[in-house]
>>> print(open('target30.cif').read())   # mmCIF, C-alpha atoms
data_work
loop_
_atom_site.label_atom_id
_atom_site.label_comp_id
_atom_site.auth_asym_id
_atom_site.auth_seq_id
_atom_site.Cartn_x
_atom_site.Cartn_y
_atom_site.Cartn_z
CA MET A 1181 100.47 100.19 80.05
CA ARG A 1182 103.81 101.34 78.68
CA ALA A 1183 103.25 105.01 79.55
CA ASP A 1184 102.75 104.11 83.22
CA ARG A 1185 105.87 101.93 83.14
CA LEU A 1186 107.96 104.77 81.67
CA VAL A 1187 106.82 107.10 84.44
CA SER A 1188 107.64 104.46 87.05
CA LEU A 1189 111.09 103.97 85.50
CA VAL A 1190 111.83 107.70 85.74
CA LEU A 1191 110.63 107.83 89.36
CA LEU A 1192 112.79 104.85 90.31
CA LEU A 1193 115.85 106.56 88.89
CA ARG A 1194 114.99 109.83 90.64
CA GLN A 1195 114.62 108.13 94.01
CA HIS A 1196 117.61 105.79 93.83
CA GLY A 1197 120.05 107.79 91.73
CA ARG A 1198 121.52 104.90 89.75
CA LEU A 1199 120.05 101.48 89.01
CA SER A 1200 121.13 98.61 86.81
CA ALA A 1201 118.93 97.23 84.04
CA THR A 1202 118.51 94.05 86.09
CA THR A 1203 117.26 95.95 89.13
CA LEU A 1204 114.89 98.05 87.03
CA ALA A 1205 113.51 94.93 85.39
CA ARG A 1206 112.85 93.36 88.78
CA GLU A 1207 111.13 96.47 90.13
CA LEU A 1208 108.98 96.93 87.02
CA GLU A 1209 108.30 93.20 86.60
CA VAL A 1210 109.51 93.12 82.98
CA SER A 1211 112.53 91.74 81.12
CA THR A 1212 115.87 93.55 80.90
CA ARG A 1213 115.33 93.83 77.15
CA THR A 1214 112.10 95.73 77.79
CA VAL A 1215 113.96 98.06 80.17
CA LEU A 1216 116.58 98.82 77.53
CA ARG A 1217 113.86 99.61 74.98
CA ASP A 1218 112.16 101.89 77.50
CA ILE A 1219 115.44 103.70 78.16
CA GLU A 1220 115.84 104.30 74.43
CA ALA A 1221 112.26 105.60 74.24
CA LEU A 1222 112.87 108.03 77.11
CA SER A 1223 116.07 109.30 75.54
CA ALA A 1224 114.33 109.81 72.21
CA ALA A 1225 111.62 111.79 74.00
CA GLY A 1226 114.20 114.12 75.52
CA VAL A 1227 114.29 112.70 79.07
CA PRO A 1228 117.86 113.21 80.39
CA VAL A 1229 118.69 109.57 81.13
CA TYR A 1230 122.13 108.16 80.44
CA ALA A 1231 124.19 105.03 81.10
CA GLU A 1232 127.25 104.79 83.32
CA ARG A 1233 129.62 101.98 82.39
CA GLY A 1234 131.62 99.76 84.69
CA ARG A 1235 131.07 97.22 87.43
CA HIS A 1236 128.91 99.58 89.51
CA GLY A 1237 127.34 101.32 86.55
CA GLY A 1238 123.75 101.58 85.53
CA PHE A 1239 121.24 104.15 84.39
CA THR A 1240 120.78 107.52 85.98
CA LEU A 1241 119.08 110.88 85.38
CA LEU A 1242 120.44 114.37 85.24
CA PRO A 1243 119.22 116.30 88.30
CA GLY A 1244 116.19 118.56 88.11
CA LEU A 1245 113.50 116.27 86.69
CA ARG A 1246 110.54 115.76 89.02
CA THR A 1247 106.78 115.40 89.17
CA GLU A 1248 104.43 117.62 91.17
CA LEU A 1249 101.57 116.82 93.48
CA THR A 1250 100.24 119.98 95.08
CA GLY A 1251 98.35 120.21 98.35
CA LEU A 1252 99.82 117.05 99.91
CA ASN A 1253 101.31 117.65 103.34
CA HIS A 1254 103.67 115.44 105.33
CA ASP A 1255 101.03 113.58 107.36
CA GLU A 1256 98.85 112.96 104.30
CA ALA A 1257 101.80 111.49 102.41
CA LEU A 1258 102.73 109.36 105.42
CA ALA A 1259 99.15 108.07 105.68
CA LEU A 1260 99.27 107.04 102.01
CA LEU A 1261 102.63 105.28 102.43
CA ILE A 1262 101.42 103.34 105.48
CA ALA A 1263 98.13 102.45 103.80
CA GLY A 1264 100.16 101.24 100.86
CA SER A 1265 101.90 98.69 103.10
CA ARG A 1266 98.63 96.81 103.67
CA PRO A 1267 98.26 93.61 101.66
CA GLY A 1268 94.75 94.17 100.33
CA ALA A 1269 95.93 95.49 96.98
CA GLN A 1270 97.83 92.25 96.40
CA ALA A 1271 94.64 90.26 96.92
CA PHE A 1272 92.92 92.26 94.18
CA GLY A 1273 95.80 92.13 91.71
CA LEU A 1274 96.77 95.79 92.22
CA GLY A 1275 100.21 95.24 93.74
CA SER A 1276 102.16 96.67 90.78
CA ALA A 1277 99.82 99.66 90.48
CA LEU A 1278 100.19 100.35 94.21
CA ALA A 1279 103.98 100.23 94.02
CA SER A 1280 103.92 102.68 91.12
CA ALA A 1281 101.54 105.01 92.99
CA MET A 1282 103.73 104.99 96.09
CA ARG A 1283 106.78 105.95 94.02
CA LYS A 1284 104.84 108.90 92.63
CA VAL A 1285 103.75 110.01 96.09
CA VAL A 1286 107.30 109.95 97.43
CA ASP A 1287 108.70 111.73 94.38
CA ALA A 1288 106.08 114.47 94.57
CA LEU A 1289 107.01 115.46 98.13
CA PRO A 1290 109.30 118.39 98.77
CA GLU A 1291 112.89 117.33 99.32
CA SER A 1292 112.72 118.24 103.01
CA HIS A 1293 109.67 115.98 103.58
CA ARG A 1294 110.64 113.09 101.33
CA ALA A 1295 113.27 111.45 103.51
CA ILE A 1296 111.23 112.02 106.69
CA ALA A 1297 108.06 110.45 105.26
CA ALA A 1298 109.86 107.49 103.72
CA GLY A 1299 111.82 106.92 106.92
CA ALA A 1300 108.70 107.14 109.08
CA ALA A 1301 106.88 104.63 106.87
CA GLN A 1302 109.73 102.19 107.45
CA ARG A 1303 109.02 102.38 111.19
CA VAL A 1304 105.45 101.06 110.83
CA LEU A 1305 104.62 97.45 109.92
CA VAL A 1306 101.02 96.60 109.04
CA ASP A 1307 99.76 93.00 108.84
CA PRO A 1308 103.12 91.15 108.80
CA GLN A 1309 103.47 87.71 107.27
CA THR A 1310 103.96 86.01 110.66
CA ASP A 1311 102.58 86.50 114.16
CA LEU A 1312 104.54 86.61 117.44
CA LEU A 1313 104.73 82.81 117.52
CA SER A 1314 106.35 82.77 114.05
CA ARG A 1315 103.27 81.17 112.55
CA ARG A 1316 103.24 82.11 108.90
CA LEU A 1317 100.04 83.73 107.68
CA VAL A 1318 99.87 82.23 104.22
CA ALA A 1319 97.72 84.04 101.68
CA GLU A 1320 96.10 82.13 98.85
CA GLU A 1321 96.74 83.88 95.56
CA ALA A 1322 94.76 84.00 92.33
CA PRO A 1323 96.31 84.70 88.91
CA ASP A 1324 96.53 88.43 88.18
CA THR A 1325 94.72 87.98 84.85
CA VAL A 1326 91.77 86.34 86.60
CA VAL A 1327 91.59 88.95 89.34
CA ALA A 1328 91.85 91.76 86.79
CA GLU A 1329 88.87 90.37 84.86
CA VAL A 1330 86.82 90.06 88.06
CA ARG A 1331 87.82 93.58 89.09
CA ARG A 1332 86.78 95.04 85.72
CA ALA A 1333 83.35 93.43 85.92
CA VAL A 1334 82.81 94.66 89.48
CA PHE A 1335 83.74 98.26 88.66
CA ALA A 1336 81.95 98.35 85.30
CA GLY A 1337 78.77 96.81 86.70
CA HIS A 1338 78.75 93.94 84.21
CA ARG A 1339 77.77 90.31 84.71
CA LEU A 1340 80.61 87.86 85.15
CA ARG A 1341 81.28 84.22 84.23
CA ILE A 1342 83.64 82.42 86.58
CA HIS A 1343 85.08 78.93 86.52
CA TYR A 1344 84.94 78.19 90.24
CA ALA A 1345 86.37 75.28 92.22
CA ALA A 1346 84.27 74.95 95.36
CA VAL A 1347 85.54 72.78 98.21
CA ASP A 1348 85.19 69.04 97.45
CA GLN A 1349 83.50 69.77 94.11
CA SER A 1350 84.56 69.69 90.47
CA PRO A 1351 85.10 73.16 88.95
CA LYS A 1352 81.97 74.58 87.31
CA TRP A 1353 81.15 77.66 85.26
CA ARG A 1354 78.79 80.11 86.95
CA THR A 1355 77.29 83.39 85.75
CA VAL A 1356 76.98 85.92 88.58
CA ASP A 1357 76.06 89.52 89.26
CA PRO A 1358 79.09 90.98 91.09
CA ILE A 1359 78.38 93.20 94.09
CA GLY A 1360 81.87 94.03 95.40
CA LEU A 1361 85.28 92.85 96.53
CA VAL A 1362 86.39 92.26 100.13
CA THR A 1363 89.78 91.37 101.59
CA VAL A 1364 90.00 89.71 105.03
CA ARG A 1365 93.37 88.66 106.49
CA ASN A 1366 94.91 88.97 103.04
CA GLN A 1367 92.26 86.73 101.46
CA GLY A 1368 90.21 88.19 98.63
CA TYR A 1369 86.49 87.49 98.21
CA LEU A 1370 83.93 88.31 95.53
CA LEU A 1371 80.45 89.13 96.81
CA ALA A 1372 77.86 88.39 94.15
CA ASP A 1373 74.31 87.27 93.45
CA ARG A 1374 73.55 84.19 91.36
CA SER A 1375 70.00 83.61 90.16
CA GLY A 1376 68.77 85.95 92.89
CA THR A 1377 70.69 84.14 95.66
CA GLU A 1378 73.56 85.67 97.61
CA ARG A 1379 76.93 84.04 96.99
CA THR A 1380 80.47 84.62 98.31
CA TYR A 1381 83.42 83.33 96.26
CA ARG A 1382 87.04 83.09 97.35
CA LEU A 1383 89.18 84.65 94.61
CA SER A 1384 91.91 82.02 94.98
CA ARG A 1385 89.38 79.39 93.85
CA VAL A 1386 88.39 81.26 90.68
CA LEU A 1387 90.24 79.40 87.92
CA ALA A 1388 89.09 81.62 85.05
CA ALA A 1389 86.84 84.65 84.61
CA GLU A 1390 85.10 86.43 81.75
CA GLU A 1391 83.46 89.85 81.93
CA LEU A 1392 80.17 89.87 80.00
CA ALA A 1393 78.69 92.79 78.11
CA GLU A 1394 75.29 92.70 79.80
CA PRO A 1395 74.76 94.85 82.90
CA ALA A 1396 74.72 93.21 86.33
CA GLN A 1397 71.45 93.05 88.22
CA ARG A 1398 72.43 94.90 91.37
CA PRO A 1399 71.59 98.07 93.32
CA ASP A 1400 73.18 101.32 92.16
CA ARG A 1401 74.59 101.92 95.64
CA VAL A 1402 75.83 99.41 98.21
CA ASP A 1403 77.01 99.49 101.82
CA LEU A 1404 79.67 96.81 101.41
CA ASP A 1405 80.55 96.73 105.11
CA ARG A 1406 76.91 96.04 106.03
CA VAL A 1407 76.58 93.38 103.31
CA TRP A 1408 79.73 91.62 104.53
CA GLN A 1409 78.58 91.71 108.15
CA GLU A 1410 75.19 90.24 107.24
CA ARG A 1411 76.72 87.44 105.18
CA SER A 1412 79.26 86.70 107.91
CA THR A 1413 76.46 86.44 110.47
CA ARG A 1414 74.48 84.06 108.29
CA PHE A 1415 77.58 81.95 107.73
CA ARG A 1416 78.27 81.71 111.46
CA THR A 1417 74.70 80.72 112.26
CA GLY A 1418 74.47 78.06 109.57
CA GLY A 1419 75.82 74.53 109.30
CA GLU A 1420 76.24 71.89 112.01
CA GLN A 1421 77.48 74.19 114.72
CA VAL A 1422 78.68 72.93 118.09
CA THR A 1423 78.43 74.77 121.42
CA VAL A 1424 81.20 73.94 123.89
CA LEU A 1425 81.53 74.65 127.60
CA VAL A 1426 85.23 75.14 128.23
CA ARG A 1427 87.62 76.30 130.96
CA VAL A 1428 90.61 78.22 129.72
CA SER A 1429 93.63 79.95 131.23
CA PRO A 1430 93.35 83.75 131.02
CA THR A 1431 96.63 83.80 129.08
CA ARG A 1432 94.99 81.85 126.23
CA ARG A 1433 91.57 83.49 126.26
CA GLU A 1434 92.15 85.70 123.22
CA GLU A 1435 93.38 82.73 121.21
CA LEU A 1436 90.24 80.75 122.01
CA VAL A 1437 87.90 83.67 121.38
CA GLY A 1438 89.64 84.48 118.11
CA THR A 1439 89.13 80.89 116.93
CA ALA A 1440 85.49 80.45 118.00
CA LEU A 1441 82.59 81.73 115.93
CA ALA A 1442 80.96 83.30 118.98
CA VAL A 1443 81.10 83.40 122.79
CA ALA A 1444 77.68 83.47 124.47
CA ALA A 1445 78.71 83.51 128.15
CA GLU A 1446 81.82 84.00 130.25
CA VAL A 1447 82.48 83.78 134.01
CA THR A 1448 85.61 83.65 136.16
CA ASP A 1449 86.12 80.60 138.38
CA ALA A 1450 87.62 80.77 141.88
CA ASP A 1451 91.05 79.71 140.62
CA GLY A 1452 91.14 82.57 138.09
CA TRP A 1453 90.45 80.44 135.05
CA LEU A 1454 87.65 81.49 132.71
CA ARG A 1455 84.58 79.40 131.95
CA LEU A 1456 83.19 80.14 128.48
CA GLU A 1457 80.32 78.94 126.33
CA ALA A 1458 81.79 79.03 122.83
CA THR A 1459 80.30 78.14 119.45
CA PHE A 1460 82.31 76.44 116.68
CA GLN A 1461 81.44 75.70 113.09
CA ASP A 1462 81.30 71.94 113.66
CA SER A 1463 82.81 69.19 115.85
CA ARG A 1464 86.06 69.09 113.86
CA HIS A 1465 86.49 72.83 114.34
CA ALA A 1466 85.96 72.47 118.11
CA GLU A 1467 88.34 69.49 118.35
CA TRP A 1468 91.07 71.37 116.49
CA ALA A 1469 90.66 74.58 118.52
CA LEU A 1470 90.78 72.87 121.94
CA TRP A 1471 93.71 70.64 120.96
CA GLN A 1472 95.77 73.73 120.07
CA LEU A 1473 95.42 75.00 123.65
CA ALA A 1474 96.84 71.79 125.16
CA THR A 1475 96.75 71.88 128.99
CA ASP A 1476 95.74 75.57 129.05
CA ALA A 1477 92.13 74.58 128.37
CA GLU A 1478 89.65 71.91 129.47
CA ALA A 1479 86.52 70.98 127.55
CA LEU A 1480 83.67 70.35 130.01
CA ALA A 1481 80.93 69.60 127.49
CA PRO A 1482 79.88 67.94 125.29
CA HIS A 1483 81.16 64.56 126.43
CA SER A 1484 81.97 63.53 122.85
CA LEU A 1485 84.56 66.35 122.69
CA ARG A 1486 86.09 65.30 126.04
CA ASP A 1487 86.29 61.70 124.80
CA PHE A 1488 88.03 62.76 121.59
CA LEU A 1489 90.63 64.88 123.39
CA ARG A 1490 91.29 62.19 126.00
CA GLU A 1491 91.75 59.47 123.36
CA ARG A 1492 94.01 61.65 121.25
CA ALA A 1493 96.14 62.63 124.24
CA ALA A 1494 96.44 58.95 125.24
CA ALA A 1495 97.54 58.07 121.70
CA VAL A 1496 100.21 60.76 121.76
CA ALA A 1497 101.43 59.67 125.20
CA GLY A 1498 101.59 56.06 123.99
CA ARG A 1499 103.67 57.08 121.02
CA TYR A 1500 106.32 58.60 123.29
CA ALA A 1501 106.15 55.97 126.06
CA VAL A 1502 109.54 54.48 127.01
#
>>> encode(input="target30.cif", output="C-alpha cells")
Amino acid sequence: MRADRLVSLVLLLRQHGRLSATTLARELEVSTRTVLRDIEALSAAGVPVYAERGRHGGFTLLPGLRTELTGLNHDEALALLIAGSRPGAQAFGLGSALASAMRKVVDALPESHRAIAAGAAQRVLVDPQTDLLSRRLVAEEAPDTVVAEVRRAVFAGHRLRIHYAAVDQSPKWRTVDPIGLVTVRNQGYLLADRSGTERTYRLSRVLAAEELAEPAQRPDRVDLDRVWQERSTRFRTGGEQVTVLVRVSPTRREELVGTALAVAAEVTDADGWLRLEATFQDSRHAEWALWQLATDAEALAPHSLRDFLRERAAAVAGRYAV
C-alpha cells in the first residue's frame, strides 16, 4: 500500500540521512519514477523533505521528524531485530513487510539505544546461506502473488484452490482447506486437508492460487507444532524405508544422524568408531548418504548397499587409473 511505502521512505531518510532516488527505489522495490512521485506527495503533505543537488546529492529530511513506539526497551528491540534476520518471512512472502517493520522499530528507539541495538544485531547471524563447508543452502521460492493468496486464505479461514505441481506429475488444480503455514530450513509448506485427508504442499510447487469465499472446514484452534510433528512422523514411517547397519567415524556422526530419518541403536566399537542402526527413506537415500561420508563410514548391511558402494568406488578408481 502507498501509505506504508511513504512511511518506509521517511524512515529510510531518517536513518540514513541522505539517499538517492535510485537507492530509495531499490530499498522500496519500486521504480525511481514512483519514488519521485512519493517525494512530491510527502512535500505536499508538509513533510520536510528536500533534494540536494550534485554528484553526491539525494533526498534528505530536516531534523526532528520521528515516530514513537512506547514501552520498548533495548533488549526487546534487539530481540525483534535478530528475529527479523530469520528467513521465514521470505518463505511466506513477507520480506518487504518485515524490512519495513524493522525500520520502524529502529526509528522508534531513543537515540542512545538506536546505534547500540542496530550494532548488536549486526553481530548475530541467524541461518546463513552457507554452512561451514561453504555448501550453499538454496531455498526454493514461490511467486509473491501466489504466496500472498495462500496466506490470505490461511488467515481468513477460507477454502483455497491451488494449481500444484507434485513430483513427477503434471500440475493439477486442487481445492483444499488450509490449516497453517510452516517454514523449515527456509522452505515454506502449506498444511491443509483435502476431502478429509491430510495433505502437505511445498509452496515453491504452487503455480497459482485462488482464495475462495466459502469457509474452510477446519478446527477453530490448532496446535501447529503438534500437527507438524505428527505429519513428519507419518512421513518418516511411510514409503519403502531402508534400515542400515553402519560404522562411522565420530567426527562424521552428526552428519550421518542429520541425514538419516531415525537412529534406532548406537554403540561404540573398540577402535572408537560408532556402530549405528539408521533408517533412510529408501535405498537411493541410503546410497547417497553413505557415499557422502567416503572412507569415514562403512556400510555393514544390507549387502545390496555394500555392493553398490563397492561398485561405484571401483568405477571412480577406474576413471582415474593411470
>>> atom_distance(input="target30.cif", atom1="atom CA of Asp1462 of chain A", atom2="atom CA of Val1424 of chain A")
10.4 Å
>>> residues_around(input="target30.cif", residues="Gly1234 of chain A", least_positions_apart="4", cutoff="12 Å", atoms="all atoms listed in the file", output="ChimeraX atom specification")
/A:1200,1238-1239
>>> resolve_selection(input="target30.cif", expression="the PyMOL selection byres ((chain A and resi 1368) around 6)", output="list in words")
Ala1271, Val1362, Thr1363, Gln1367, Tyr1369 and Leu1383 of chain A
>>> residues_around(input="target30.cif", residues="segment 1346-1353 of chain A", least_positions_apart="2", cutoff="9 Å", atoms="all atoms listed in the file", output="PyMOL selection string")
chain A and resi 1341-1344+1355+1381-1382+1385-1388
>>> closest_residue(input="target30.cif", among="A:Ala1501, A:Leu1189, A:Val1229, A:Leu1456", to="Pro1430 of chain A", atoms="all atoms listed in the file")
A:Leu1456
>>> resolve_selection(input="target30.cif", expression="the PyMOL selection byres ((chain A and resi 1455) around 8)", output="number ranges by chain")
A: 1425-1428, 1446-1449, 1453-1454, 1456-1457
>>> resolve_selection(input="target30.cif", expression="the PyMOL selection byres ((chain A and resi 1460) around 9)", output="JSON, numbers by chain")
{"A": [1416, 1420, 1421, 1422, 1423, 1424, 1439, 1440, 1441, 1442, 1458, 1459, 1461, 1462, 1463, 1464, 1465, 1466, 1469]}
>>> atom_distance(input="target30.cif", atom1="atom CA of Arg1432 of chain A", atom2="atom CA of Gly1498 of chain A")
26.7 Å
>>> atom_distance(input="target30.cif", atom1="atom CA of Ile1219 of chain A", atom2="atom CA of Pro1323 of chain A")
29.0 Å
>>> decode(input="target30.cif", residues="segment 1353-1377 of chain A", atoms="N, CA and C atoms", output="compact mmCIF listing (two decimals), in the first residue's frame")
# COMPACT_ATOMS: atom_id res chain seq x y z
N TRP A 1353 -5.21 -28.82 -10.52
CA TRP A 1353 -5.93 -27.94 -9.60
C TRP A 1353 -6.51 -28.76 -8.46
N ARG A 1354 -6.35 -28.25 -7.24
CA ARG A 1354 -6.88 -28.92 -6.06
C ARG A 1354 -7.58 -27.88 -5.18
N THR A 1355 -8.69 -28.27 -4.57
CA THR A 1355 -9.37 -27.40 -3.61
C THR A 1355 -9.11 -27.97 -2.22
N VAL A 1356 -8.54 -27.13 -1.33
CA VAL A 1356 -8.11 -27.61 -0.02
C VAL A 1356 -8.64 -26.71 1.08
N ASP A 1357 -8.63 -27.25 2.28
CA ASP A 1357 -8.96 -26.49 3.49
C ASP A 1357 -7.65 -26.18 4.21
N PRO A 1358 -7.15 -24.95 4.13
CA PRO A 1358 -5.84 -24.64 4.71
C PRO A 1358 -5.86 -24.67 6.24
N ILE A 1359 -4.82 -25.28 6.80
CA ILE A 1359 -4.68 -25.37 8.26
C ILE A 1359 -3.67 -24.35 8.78
N GLY A 1360 -2.52 -24.25 8.11
CA GLY A 1360 -1.48 -23.32 8.58
C GLY A 1360 -0.28 -23.36 7.67
N LEU A 1361 0.69 -22.50 7.97
CA LEU A 1361 1.92 -22.37 7.20
C LEU A 1361 3.11 -22.71 8.10
N VAL A 1362 4.07 -23.43 7.53
CA VAL A 1362 5.27 -23.83 8.28
C VAL A 1362 6.49 -23.54 7.42
N THR A 1363 7.56 -23.05 8.03
CA THR A 1363 8.82 -22.90 7.32
C THR A 1363 9.88 -23.75 8.01
N VAL A 1364 10.60 -24.57 7.21
CA VAL A 1364 11.64 -25.46 7.71
C VAL A 1364 12.86 -25.28 6.82
N ARG A 1365 13.98 -24.86 7.40
CA ARG A 1365 15.21 -24.64 6.64
C ARG A 1365 14.95 -23.76 5.41
N ASN A 1366 14.17 -22.71 5.66
CA ASN A 1366 13.88 -21.71 4.63
C ASN A 1366 13.00 -22.24 3.51
N GLN A 1367 12.32 -23.37 3.75
CA GLN A 1367 11.34 -23.88 2.80
C GLN A 1367 9.95 -23.71 3.40
N GLY A 1368 9.03 -23.16 2.62
CA GLY A 1368 7.68 -22.92 3.10
C GLY A 1368 6.75 -24.07 2.74
N TYR A 1369 5.85 -24.43 3.66
CA TYR A 1369 4.90 -25.51 3.43
C TYR A 1369 3.50 -25.04 3.84
N LEU A 1370 2.51 -25.52 3.10
CA LEU A 1370 1.11 -25.31 3.45
C LEU A 1370 0.56 -26.61 4.00
N LEU A 1371 0.06 -26.59 5.23
CA LEU A 1371 -0.62 -27.74 5.81
C LEU A 1371 -2.11 -27.57 5.54
N ALA A 1372 -2.74 -28.59 4.98
CA ALA A 1372 -4.14 -28.48 4.60
C ALA A 1372 -4.81 -29.84 4.66
N ASP A 1373 -6.12 -29.83 4.55
CA ASP A 1373 -6.91 -31.04 4.39
C ASP A 1373 -7.56 -30.99 3.01
N ARG A 1374 -7.62 -32.13 2.35
CA ARG A 1374 -8.31 -32.22 1.06
C ARG A 1374 -9.23 -33.43 1.08
N SER A 1375 -10.52 -33.15 0.99
CA SER A 1375 -11.53 -34.22 1.03
C SER A 1375 -11.39 -35.06 2.29
N GLY A 1376 -11.08 -34.39 3.41
CA GLY A 1376 -10.96 -35.07 4.69
C GLY A 1376 -9.64 -35.77 4.93
N THR A 1377 -8.68 -35.64 3.97
CA THR A 1377 -7.37 -36.29 4.11
C THR A 1377 -6.29 -35.24 4.31
